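The next block holds one structure in the form of structure tokens; read it before the comments.
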Amino acid sequence: MKEKFMRFMQGRYGVDSLSRFTIGAALVCILLANFMGRSRAGVLLNTLGLAAIVYTYFRIFSKNIQKRYAENQKYLAVTANIRMRFQKEKNLMAERRTNHIYTCPGCGQKIRIPRGKGKIEIECPKCRTKFVKRS
């Protein structure tokens, strides 16, 4: 069975970032439609969700790889700033386990200090303002 599916998928585009986003958006639309019941908004969301699922599977099974690749690249270019912001916050949270991150009162520069140093005097590398913090 697995080999049959692998043979079927040969020459087809497959799953990419845009496909993952559209299937996620479709599921959110369908869940919201279930909460709204049979109102116009619920029917509209349900229809949008089903259309997004059909479009996602169309993209996954498409043999026009160049066009699907171009669509994905356009999506990645549009969402680059948002994805970069989330990645930056994720890295900042991971870094907080080992470091304190202080903001300079003079210029707003973020300064990273290792944890466990006790009470220390910090000099901002940007504006040379000195301030005391407990690490």
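By order of appearance in the structure tokens: chains A, B, ..., then residues from 1 within every chain, and ligands from 1 in the order shown.
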- List the neighbours of Ala52 (chain A) out to 10 Å using only C-alpha atoms; skip same-chain residues closer than 3 positions along the sequence, and give me the result as a list in words. Ser19, Phe21, Thr22, Ile23, Gly24, Ala25, Ala26, Leu27, Cys29, Asn46, Thr47, Leu48, Gly49, Tyr55, Thr56, Tyr57 and Phe58 of chain A
Export all heavy atoms of the chosen residues as a tab-separated table (two decimals), in the first residue's frame?
chain	number	residue	atom	x	y	z
A	19	SER	N	0.68	24.83	1.60
A	19	SER	CA	-0.31	23.76	1.80
A	19	SER	C	-0.62	23.59	3.29
A	19	SER	O	-1.77	23.41	3.67
A	19	SER	CB	0.21	22.44	1.24
A	19	SER	OG	0.40	22.54	-0.14
A	21	PHE	N	-0.36	25.85	5.61
A	21	PHE	CA	-1.14	27.00	6.05
A	21	PHE	C	-2.59	26.90	5.62
A	21	PHE	O	-3.50	27.14	6.42
A	21	PHE	CB	-0.51	28.30	5.52
A	21	PHE	CG	-1.36	29.51	5.79
A	21	PHE	CD1	-1.40	30.05	7.07
A	21	PHE	CD2	-2.13	30.07	4.79
A	21	PHE	CE1	-2.19	31.15	7.33
A	21	PHE	CE2	-2.92	31.17	5.05
A	21	PHE	CZ	-2.96	31.71	6.32
A	22	THR	N	-2.83	26.55	4.36
A	22	THR	CA	-4.21	26.50	3.88
A	22	THR	C	-5.00	25.40	4.56
A	22	THR	O	-6.18	25.59	4.85
A	22	THR	CB	-4.27	26.34	2.34
A	22	THR	OG1	-3.53	25.20	1.96
A	22	THR	CG2	-3.78	27.57	1.64
A	23	ILE	N	-4.38	24.26	4.85
A	23	ILE	CA	-5.13	23.20	5.53
A	23	ILE	C	-5.42	23.62	6.97
A	23	ILE	O	-6.50	23.34	7.50
A	23	ILE	CB	-4.41	21.84	5.44
A	23	ILE	CG1	-5.38	20.68	5.71
A	23	ILE	CG2	-3.27	21.72	6.41
A	23	ILE	CD1	-6.31	20.40	4.60
A	24	GLY	N	-4.50	24.33	7.60
A	24	GLY	CA	-4.74	24.84	8.96
A	24	GLY	C	-5.85	25.88	8.97
A	24	GLY	O	-6.73	25.86	9.84
A	25	ALA	N	-5.81	26.79	8.00
A	25	ALA	CA	-6.86	27.81	7.91
A	25	ALA	C	-8.21	27.16	7.63
A	25	ALA	O	-9.25	27.59	8.16
A	25	ALA	CB	-6.51	28.81	6.81
A	26	ALA	N	-8.22	26.13	6.81
A	26	ALA	CA	-9.47	25.42	6.51
A	26	ALA	C	-10.05	24.78	7.77
A	26	ALA	O	-11.25	24.86	8.02
A	26	ALA	CB	-9.23	24.37	5.44
A	27	LEU	N	-9.18	24.15	8.55
A	27	LEU	CA	-9.67	23.52	9.78
A	27	LEU	C	-10.21	24.54	10.76
A	27	LEU	O	-11.22	24.32	11.42
A	27	LEU	CB	-8.56	22.68	10.41
A	27	LEU	CG	-8.17	21.43	9.61
A	27	LEU	CD1	-6.98	20.74	10.25
A	27	LEU	CD2	-9.33	20.48	9.48
A	29	CYS	N	-11.55	27.45	9.96
A	29	CYS	CA	-12.85	27.90	9.41
A	29	CYS	C	-13.95	26.89	9.71
A	29	CYS	O	-15.05	27.27	10.11
A	29	CYS	CB	-12.74	28.09	7.90
A	29	CYS	SG	-11.86	29.58	7.42
A	46	ASN	N	-17.99	27.45	6.62
A	46	ASN	CA	-17.92	26.04	6.25
A	46	ASN	C	-17.58	25.88	4.77
A	46	ASN	O	-16.74	25.05	4.41
A	46	ASN	CB	-19.25	25.34	6.58
A	46	ASN	CG	-19.10	23.85	6.69
A	46	ASN	OD1	-18.00	23.34	6.89
A	46	ASN	ND2	-20.20	23.15	6.56
A	47	THR	N	-18.19	26.68	3.93
A	47	THR	CA	-17.91	26.64	2.49
A	47	THR	C	-16.47	27.05	2.21
A	47	THR	O	-15.78	26.42	1.39
A	47	THR	CB	-18.88	27.56	1.74
A	47	THR	OG1	-20.22	27.19	2.08
A	47	THR	CG2	-18.68	27.47	0.24
A	48	LEU	N	-16.00	28.11	2.87
A	48	LEU	CA	-14.60	28.54	2.70
A	48	LEU	C	-13.63	27.46	3.14
A	48	LEU	O	-12.61	27.22	2.49
A	48	LEU	CB	-14.34	29.82	3.49
A	48	LEU	CG	-14.86	31.12	2.89
A	48	LEU	CD1	-14.64	32.28	3.86
A	48	LEU	CD2	-14.18	31.40	1.57
A	49	GLY	N	-13.95	26.81	4.26
A	49	GLY	CA	-13.09	25.73	4.75
A	49	GLY	C	-13.01	24.58	3.77
A	49	GLY	O	-11.92	24.06	3.49
A	55	TYR	N	-8.61	23.10	-2.51
A	55	TYR	CA	-7.46	23.79	-3.10
A	55	TYR	C	-6.14	23.18	-2.61
A	55	TYR	O	-5.20	23.00	-3.39
A	55	TYR	CB	-7.51	25.28	-2.79
A	55	TYR	CG	-6.32	26.05	-3.29
A	55	TYR	CD1	-6.10	26.22	-4.65
A	55	TYR	CD2	-5.40	26.59	-2.41
A	55	TYR	CE1	-5.00	26.90	-5.13
A	55	TYR	CE2	-4.29	27.28	-2.87
A	55	TYR	CZ	-4.10	27.44	-4.23
A	55	TYR	OH	-3.00	28.11	-4.68
A	56	THR	N	-6.08	22.85	-1.33
A	56	THR	CA	-4.86	22.25	-0.77
A	56	THR	C	-4.56	20.92	-1.43
A	56	THR	O	-3.42	20.66	-1.83
A	56	THR	CB	-5.01	22.07	0.75
A	56	THR	OG1	-5.26	23.34	1.35
A	56	THR	CG2	-3.75	21.47	1.35
A	57	TYR	N	-5.57	20.07	-1.57
A	57	TYR	CA	-5.33	18.78	-2.20
A	57	TYR	C	-5.02	18.94	-3.69
A	57	TYR	O	-4.22	18.17	-4.24
A	57	TYR	CB	-6.51	17.83	-1.98
A	57	TYR	CG	-6.41	17.17	-0.61
A	57	TYR	CD1	-7.22	17.58	0.43
A	57	TYR	CD2	-5.47	16.18	-0.38
A	57	TYR	CE1	-7.10	17.00	1.68
A	57	TYR	CE2	-5.34	15.59	0.86
A	57	TYR	CZ	-6.16	16.01	1.89
A	57	TYR	OH	-6.04	15.44	3.12
A	58	PHE	N	-5.61	19.94	-4.32
A	58	PHE	CA	-5.26	20.23	-5.71
A	58	PHE	C	-3.77	20.56	-5.81
A	58	PHE	O	-3.08	20.08	-6.70
A	58	PHE	CB	-6.10	21.41	-6.22
A	58	PHE	CG	-5.57	22.02	-7.49
A	58	PHE	CD1	-5.71	21.36	-8.70
A	58	PHE	CD2	-4.91	23.23	-7.46
A	58	PHE	CE1	-5.20	21.92	-9.87
A	58	PHE	CE2	-4.41	23.80	-8.60
A	58	PHE	CZ	-4.55	23.14	-9.82
- Item | Near-Glu123 (chain A) list (9 Å; only C-alpha atoms; drop same-chain fewer than 5 positions) as a list in words |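 Contacts, in chain order: Cys104, Arg128, Thr129, Lys130, Phe131 and Val132 of chain A.
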- Message: DSSP on the backbone: which residues in chain A end up as helix (DSSP H, G or I)? Give the answer as a PyMOL selection string.
- Response: chain A and resi 2-9+17-36+40-61+65-78+80-95
Would you put the residues from that selection into a file with C-alpha atoms, as a short mmCIF file (atom, residue, chain, number, x, y, z; two decimals), in the first residue's frame?
data_model
loop_
_atom_site.label_atom_id
_atom_site.label_comp_id
_atom_site.auth_asym_id
_atom_site.auth_seq_id
_atom_site.Cartn_x
_atom_site.Cartn_y
_atom_site.Cartn_z
CA LYS A 2 2.80 2.39 0.92
CA GLU A 3 4.61 1.60 -2.32
CA LYS A 4 1.46 2.23 -4.36
CA PHE A 5 1.07 5.65 -2.74
CA MET A 6 4.74 6.43 -3.34
CA ARG A 7 4.36 5.51 -7.02
CA PHE A 8 1.21 7.63 -7.24
CA MET A 9 2.98 10.66 -5.74
CA SER A 17 4.44 25.65 3.62
CA LEU A 18 1.49 27.12 1.74
CA SER A 19 -0.31 23.76 1.80
CA ARG A 20 0.20 23.48 5.55
CA PHE A 21 -1.14 27.00 6.05
CA THR A 22 -4.21 26.50 3.88
CA ILE A 23 -5.13 23.20 5.53
CA GLY A 24 -4.74 24.84 8.96
CA ALA A 25 -6.86 27.81 7.91
CA ALA A 26 -9.47 25.42 6.51
CA LEU A 27 -9.67 23.52 9.78
CA VAL A 28 -10.04 26.76 11.75
CA CYS A 29 -12.85 27.90 9.41
CA ILE A 30 -14.67 24.59 9.78
CA LEU A 31 -14.33 24.63 13.58
CA LEU A 32 -15.65 28.20 13.74
CA ALA A 33 -18.51 27.22 11.43
CA ASN A 34 -19.45 24.42 13.82
CA PHE A 35 -19.67 26.89 16.70
CA MET A 36 -21.77 29.33 14.69
CA ARG A 40 -25.10 32.69 7.25
CA ALA A 41 -21.64 33.24 8.69
CA GLY A 42 -21.42 29.57 9.71
CA VAL A 43 -22.42 28.38 6.25
CA LEU A 44 -19.96 30.80 4.64
CA LEU A 45 -17.09 29.67 6.90
CA ASN A 46 -17.92 26.04 6.25
CA THR A 47 -17.91 26.64 2.49
CA LEU A 48 -14.60 28.54 2.70
CA GLY A 49 -13.09 25.73 4.75
CA LEU A 50 -14.14 23.07 2.28
CA ALA A 51 -12.91 25.17 -0.65
CA ALA A 52 -9.53 25.59 1.08
CA ILE A 53 -9.28 21.83 1.61
CA VAL A 54 -10.05 21.17 -2.07
CA TYR A 55 -7.46 23.79 -3.10
CA THR A 56 -4.86 22.25 -0.77
CA TYR A 57 -5.33 18.78 -2.20
CA PHE A 58 -5.26 20.23 -5.71
CA ARG A 59 -1.86 21.76 -4.91
CA ILE A 60 -0.54 18.57 -3.28
CA PHE A 61 -1.50 16.32 -6.21
CA ILE A 65 5.66 21.69 -10.06
CA GLN A 66 7.06 25.01 -11.31
CA LYS A 67 3.78 26.85 -10.81
CA ARG A 68 3.22 25.38 -7.31
CA TYR A 69 6.82 26.24 -6.38
CA ALA A 70 6.30 29.84 -7.54
CA GLU A 71 3.09 30.08 -5.45
CA ASN A 72 4.94 28.80 -2.39
CA GLN A 73 7.83 31.24 -2.91
CA LYS A 74 5.38 34.13 -3.16
CA TYR A 75 3.68 33.00 0.08
CA LEU A 76 7.06 32.73 1.83
CA ALA A 77 8.04 36.21 0.64
CA VAL A 78 4.77 37.74 1.90
CA ALA A 80 8.79 36.46 5.80
CA ASN A 81 8.50 39.34 8.31
CA ILE A 82 5.88 37.57 10.42
CA ARG A 83 7.81 34.30 10.46
CA MET A 84 11.04 36.13 11.32
CA ARG A 85 9.34 37.91 14.24
CA PHE A 86 8.03 34.61 15.65
CA GLN A 87 11.45 32.97 15.21
CA LYS A 88 13.09 35.89 17.01
CA GLU A 89 10.66 35.58 19.94
CA LYS A 90 11.21 31.81 20.06
CA ASN A 91 14.99 32.29 20.21
CA LEU A 92 14.58 34.97 22.89
CA MET A 93 12.49 32.63 25.05
CA ALA A 94 15.03 29.82 24.67
CA GLU A 95 17.82 32.24 25.62
#
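The strand (DSSP E or B) portion of region 24-128 of chain A consists of Asn99, His100, Ile101, Tyr102, Thr103, Lys110, Ile111, Arg112, Ile113, Pro114, Lys119, Ile120, Glu121, Ile122 and Glu123 of chain A, with states taken from DSSP on the backbone.
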- Figure out the distance between CA of Lys126 (chain A) and CA of Pro105 (chain A), please, to one decimal in Å. 11.6 Å
- Query: Near region 100-102 of chain A, counting only C-alpha atoms, which residues have an atom at most 6 Å away, once you skip same-chain residues fewer than 6 positions from it, shown as a ChimeraX atom specification?
  - Reply: /A:110-113,115
- Would you mind reading off the distance between CA of Tyr13 (chain A) and CA of Ser62 (chain A), one decimal, in Å? 5.7 Å
